[in-house]
Amino acid sequence: MDLGIRGRKAIVCAASRGLGRGCAEALAAEGVDLVIGARGVEALEATAAAIRARHGVAVTAVAGDVTTEAGREALLAACPDPDILVTNAGGPPPGLWSDWSRDDFIRALDANMLTPIALMQATLPAMMARGWGRVVNITSQAVRAPIPALGLSNAARTGLTGFVAGTARQVAEKGVTINNLLPGIHDTARAEALDAGAAKSGRIDAAEARRQREAGIPARRYGTAEEFGAACAFLCSVHAGFIVGQNLLIDGGATNLTM
């Protein structure tokens, strides 16, 4: 299927690896020129070079912390008027509700709620003026079913979900859609870190921790960055203009819901 976005411009955050890179690769495969961001210069430049070589699109790498004003300004300077925005930032660490301070919550809100909101506020007006735009926020399955150890993420990402629910319905008449992708467990560095934490608390090795977590997923495996990226690319396509303000679970069936 031709997604109809060849020649468009996209900003993809936290794109040097994992789900962000999966989204960047899928968009590049459709002929979208990219500005990709991440904190690590070396990994980011390597990703940019690989995507250029594989897909023949323009890829600009902007190293910086997107959760800071300077980091966001650098991305927007490289691509002032993107047609597509994919927001993404690493989740806060797991822990126990009684251990988190106000500062812990502020950091989580800055990264996983206020940063994507700031990027949307910066890019939506021009999208609306042009009559076309796509925003996809990478959030978490936790906004549908909270994960006890990830209370910081539960809170921040649910706040973003509420913002998107209202905003998406205000900009849709201008040809702009905003949707959220809710990943479950994917085979990324984040999953490895959570496996290690589960192994430590359960006094088992990481391989056994992964087997136990896979057993709780109806698909009996972790997702891949490639299939996650394909879903992102579709939401960014010309075929997804009637999908507005939705939260798409990509979790192998792990979140046990009727609707």
# chains A, B, ... in the order shown; residues from 1 in each chain; ligands from 1

$ residues_around --residues "Glu214 in chain A" --least-positions-apart "3" --cutoff "12 Å" --atoms "only C-alpha atoms" --output "ChimeraX atom specification"
/A:184-187,191,195,207-211,217-223,251-254

$ residues_around --residues "range 17-33 of chain A" --least-positions-apart "2" --cutoff "7 Å" --atoms "only C-alpha atoms" --output "number ranges by chain"
A: 3, 5-10, 12-15, 51, 55, 57-59, 88, 188-189, 225-226, 228-230, 232-233

$ atom_distance --atom1 "CA of Arg144 in chain A" --atom2 "CA of Gly202 in chain A"
25.8 Å

$ select_by_dssp --residues "range 71-194 of chain A" --states "alpha helix (DSSP H)" --output "VMD selection string"
chain A and resid 71 to 78 102 to 109 115 to 130 151 to 171 189 to 194

$ closest_atom_pairs --of "range 13-76 of chain A" --to "range 95-118 of chain A" --cutoff "9 Å" --atoms "only C-alpha atoms" --output "CSV"
residue,atom,partner,partner_atom,distance
A:Val66,CA,A:Thr115,CA,7.1
A:Thr67,CA,A:Ala111,CA,5.1
A:Thr68,CA,A:Thr115,CA,7.8
A:Glu69,CA,A:Thr115,CA,8.6
A:Arg72,CA,A:Thr115,CA,8.2

$ atom_distance --atom1 "CA of Glu173 in chain A" --atom2 "CA of Leu119 in chain A"
20.0 Å

$ select_by_dssp --residues "range 86-237 of chain A" --states "strand (DSSP E)" --output "list in words"
Val86, Thr87, Gly133, Arg134, Val135, Val136, Asn137, Ile138, Val176, Thr177, Ile178, Asn179, Asn180, Leu181, Leu182 and Pro183 of chain A

$ residues_around --residues "Thr139 in chain A" --least-positions-apart "4" --cutoff "9 Å" --atoms "only C-alpha atoms" --output "PyMOL selection string"
chain A and resi 87-89+91+112+143+153+157-158+160-161+180-183+247

$ write_last_selection --atoms "N, CA and C atoms" --output "PDB file, in the first residue's frame"
ATOM      1  N   THR A  87       6.381  12.127  18.679  1.00  0.00           N
ATOM      2  CA  THR A  87       6.991  12.446  19.969  1.00  0.00           C
ATOM      3  C   THR A  87       7.316  11.159  20.718  1.00  0.00           C
ATOM      4  N   ASN A  88       8.405  11.226  21.467  1.00  0.00           N
ATOM      5  CA  ASN A  88       8.883  10.028  22.154  1.00  0.00           C
ATOM      6  C   ASN A  88       9.938  10.470  23.150  1.00  0.00           C
ATOM      7  N   ALA A  89       9.925   9.868  24.321  1.00  0.00           N
ATOM      8  CA  ALA A  89      10.972  10.106  25.314  1.00  0.00           C
ATOM      9  C   ALA A  89      11.009   8.903  26.236  1.00  0.00           C
ATOM     10  N   GLY A  91      10.938   6.476  29.332  1.00  0.00           N
ATOM     11  CA  GLY A  91      10.081   6.499  30.507  1.00  0.00           C
ATOM     12  C   GLY A  91      10.873   6.652  31.790  1.00  0.00           C
ATOM     13  N   ASN A 112       7.423  13.215  29.787  1.00  0.00           N
ATOM     14  CA  ASN A 112       6.397  12.385  29.149  1.00  0.00           C
ATOM     15  C   ASN A 112       5.040  13.048  28.981  1.00  0.00           C
ATOM     16  N   VAL A 143      -1.532   3.645  30.105  1.00  0.00           N
ATOM     17  CA  VAL A 143      -2.636   4.596  30.177  1.00  0.00           C
ATOM     18  C   VAL A 143      -3.983   3.888  30.094  1.00  0.00           C
ATOM     19  N   SER A 153       5.301   6.955  35.262  1.00  0.00           N
ATOM     20  CA  SER A 153       4.889   6.891  33.862  1.00  0.00           C
ATOM     21  C   SER A 153       3.367   6.888  33.746  1.00  0.00           C
ATOM     22  N   ARG A 157       1.923  10.011  31.505  1.00  0.00           N
ATOM     23  CA  ARG A 157       1.401   9.649  30.183  1.00  0.00           C
ATOM     24  C   ARG A 157      -0.124   9.745  30.139  1.00  0.00           C
ATOM     25  N   THR A 158      -0.778   9.486  31.256  1.00  0.00           N
ATOM     26  CA  THR A 158      -2.227   9.648  31.288  1.00  0.00           C
ATOM     27  C   THR A 158      -2.602  11.117  31.153  1.00  0.00           C
ATOM     28  N   LEU A 160      -0.913  13.314  29.390  1.00  0.00           N
ATOM     29  CA  LEU A 160      -0.776  13.591  27.964  1.00  0.00           C
ATOM     30  C   LEU A 160      -1.987  13.081  27.193  1.00  0.00           C
ATOM     31  N   THR A 161      -2.465  11.909  27.562  1.00  0.00           N
ATOM     32  CA  THR A 161      -3.629  11.318  26.879  1.00  0.00           C
ATOM     33  C   THR A 161      -4.845  12.228  26.990  1.00  0.00           C
ATOM     34  N   ASN A 180      -2.294   8.474  19.562  1.00  0.00           N
ATOM     35  CA  ASN A 180      -1.275   7.920  20.441  1.00  0.00           C
ATOM     36  C   ASN A 180      -1.065   6.440  20.150  1.00  0.00           C
ATOM     37  N   LEU A 181       0.172   6.019  20.155  1.00  0.00           N
ATOM     38  CA  LEU A 181       0.516   4.603  20.081  1.00  0.00           C
ATOM     39  C   LEU A 181       0.915   4.137  21.478  1.00  0.00           C
ATOM     40  N   LEU A 182       0.317   3.045  21.914  1.00  0.00           N
ATOM     41  CA  LEU A 182       0.513   2.542  23.271  1.00  0.00           C
ATOM     42  C   LEU A 182       1.268   1.218  23.217  1.00  0.00           C
ATOM     43  N   PRO A 183       2.580   1.260  23.316  1.00  0.00           N
ATOM     44  CA  PRO A 183       3.337   0.002  23.234  1.00  0.00           C
ATOM     45  C   PRO A 183       3.225  -0.811  24.518  1.00  0.00           C
ATOM     46  N   ASN A 247      -6.192   5.882  20.827  1.00  0.00           N
ATOM     47  CA  ASN A 247      -5.097   5.266  21.575  1.00  0.00           C
ATOM     48  C   ASN A 247      -4.976   3.820  21.125  1.00  0.00           C
TER      49      ASN A 247
END

$ residues_around --residues "range 125-138 of chain A" --least-positions-apart "2" --cutoff "6 Å" --atoms "only C-alpha atoms" --output "compact mmCIF listing (two decimals) with all heavy atoms, in the first residue's frame"
# COMPACT_ATOMS: atom_id res chain seq x y z
N ASP A 83 5.58 18.22 8.52
CA ASP A 83 4.26 17.68 8.20
C ASP A 83 3.85 16.61 9.19
O ASP A 83 2.66 16.37 9.41
CB ASP A 83 4.27 17.07 6.79
CG ASP A 83 4.69 18.06 5.73
OD1 ASP A 83 3.97 19.05 5.53
OD2 ASP A 83 5.77 17.85 5.13
N ILE A 84 4.87 15.96 9.77
CA ILE A 84 4.66 14.83 10.67
C ILE A 84 5.51 15.04 11.91
O ILE A 84 6.68 15.42 11.81
CB ILE A 84 5.05 13.50 9.99
CG1 ILE A 84 4.12 13.21 8.80
CG2 ILE A 84 5.04 12.34 10.98
CD1 ILE A 84 4.63 12.11 7.88
N LEU A 85 4.92 14.80 13.07
CA LEU A 85 5.64 14.86 14.33
C LEU A 85 5.41 13.56 15.09
O LEU A 85 4.26 13.17 15.32
CB LEU A 85 5.15 16.04 15.17
CG LEU A 85 5.63 16.10 16.62
CD1 LEU A 85 7.13 16.33 16.69
CD2 LEU A 85 4.86 17.18 17.40
N VAL A 86 6.50 12.91 15.46
CA VAL A 86 6.42 11.70 16.29
C VAL A 86 7.14 12.02 17.60
O VAL A 86 8.36 12.19 17.62
CB VAL A 86 7.06 10.48 15.61
CG1 VAL A 86 6.94 9.26 16.51
CG2 VAL A 86 6.39 10.22 14.26
N THR A 87 6.38 12.13 18.68
CA THR A 87 6.99 12.45 19.97
C THR A 87 7.32 11.16 20.72
O THR A 87 6.60 10.17 20.63
CB THR A 87 6.10 13.34 20.84
OG1 THR A 87 5.04 12.57 21.42
CG2 THR A 87 5.52 14.49 20.03
N ASN A 88 8.40 11.23 21.47
CA ASN A 88 8.88 10.03 22.15
C ASN A 88 9.94 10.47 23.15
O ASN A 88 10.73 11.37 22.87
CB ASN A 88 9.51 9.06 21.13
CG ASN A 88 9.93 7.74 21.73
OD1 ASN A 88 9.38 7.29 22.73
ND2 ASN A 88 10.92 7.12 21.12
N THR A 123 4.18 23.11 16.57
CA THR A 123 4.05 22.64 15.19
C THR A 123 2.61 22.61 14.66
O THR A 123 2.41 22.67 13.44
CB THR A 123 4.64 21.22 15.06
OG1 THR A 123 4.00 20.34 15.99
CG2 THR A 123 6.14 21.24 15.35
N LYS A 174 -9.09 20.88 10.35
CA LYS A 174 -8.05 21.49 9.51
C LYS A 174 -7.18 20.44 8.83
O LYS A 174 -6.13 20.78 8.27
CB LYS A 174 -7.17 22.40 10.36
CG LYS A 174 -7.91 23.56 11.02
CD LYS A 174 -8.52 24.51 9.99
CE LYS A 174 -9.13 25.72 10.68
NZ LYS A 174 -9.75 26.66 9.70
N GLY A 175 -7.59 19.20 8.87
CA GLY A 175 -6.83 18.15 8.20
C GLY A 175 -5.67 17.61 9.01
O GLY A 175 -4.78 16.95 8.46
N VAL A 176 -5.65 17.89 10.30
CA VAL A 176 -4.57 17.47 11.19
C VAL A 176 -5.09 16.41 12.15
O VAL A 176 -6.13 16.61 12.79
CB VAL A 176 -4.01 18.66 11.99
CG1 VAL A 176 -2.89 18.21 12.92
CG2 VAL A 176 -3.51 19.75 11.04
N THR A 177 -4.39 15.30 12.24
CA THR A 177 -4.79 14.26 13.19
C THR A 177 -3.72 14.09 14.26
O THR A 177 -2.53 14.24 13.99
CB THR A 177 -5.01 12.90 12.50
OG1 THR A 177 -3.76 12.39 12.02
CG2 THR A 177 -5.99 13.03 11.34
N ILE A 178 -4.18 13.80 15.47
CA ILE A 178 -3.29 13.47 16.59
C ILE A 178 -3.78 12.16 17.18
O ILE A 178 -4.96 12.02 17.52
CB ILE A 178 -3.30 14.55 17.69
CG1 ILE A 178 -3.14 15.95 17.12
CG2 ILE A 178 -2.22 14.24 18.71
CD1 ILE A 178 -3.29 17.06 18.16
N ASN A 179 -2.87 11.21 17.28
CA ASN A 179 -3.18 9.92 17.86
C ASN A 179 -2.02 9.44 18.72
O ASN A 179 -0.89 9.94 18.59
CB ASN A 179 -3.48 8.88 16.77
CG ASN A 179 -4.76 9.20 16.01
OD1 ASN A 179 -5.86 9.05 16.53
ND2 ASN A 179 -4.61 9.66 14.78
N ASN A 180 -2.29 8.47 19.56
CA ASN A 180 -1.28 7.92 20.44
C ASN A 180 -1.06 6.44 20.15
O ASN A 180 -2.04 5.70 19.94
CB ASN A 180 -1.69 8.06 21.91
CG ASN A 180 -1.97 9.50 22.30
OD1 ASN A 180 -1.25 10.41 21.89
ND2 ASN A 180 -3.00 9.72 23.09
N LEU A 181 0.17 6.02 20.16
CA LEU A 181 0.52 4.60 20.08
C LEU A 181 0.91 4.14 21.48
O LEU A 181 1.77 4.75 22.12
CB LEU A 181 1.68 4.37 19.11
CG LEU A 181 1.36 4.43 17.63
CD1 LEU A 181 2.63 4.22 16.81
CD2 LEU A 181 0.32 3.39 17.24
N CYS A 236 0.37 8.02 10.10
CA CYS A 236 0.87 9.23 9.44
C CYS A 236 0.46 9.32 7.98
O CYS A 236 0.77 10.31 7.30
CB CYS A 236 2.40 9.29 9.54
SG CYS A 236 3.02 9.46 11.22

$ closest_residue --among "A:Arg169, A:Val164, A:Leu152, A:Pro93" --to "Gln121 in chain A" --atoms "only C-alpha atoms"
A:Val164

$ atom_distance --atom1 "CA of Met120 in chain A" --atom2 "CA of Ala172 in chain A"
13.6 Å
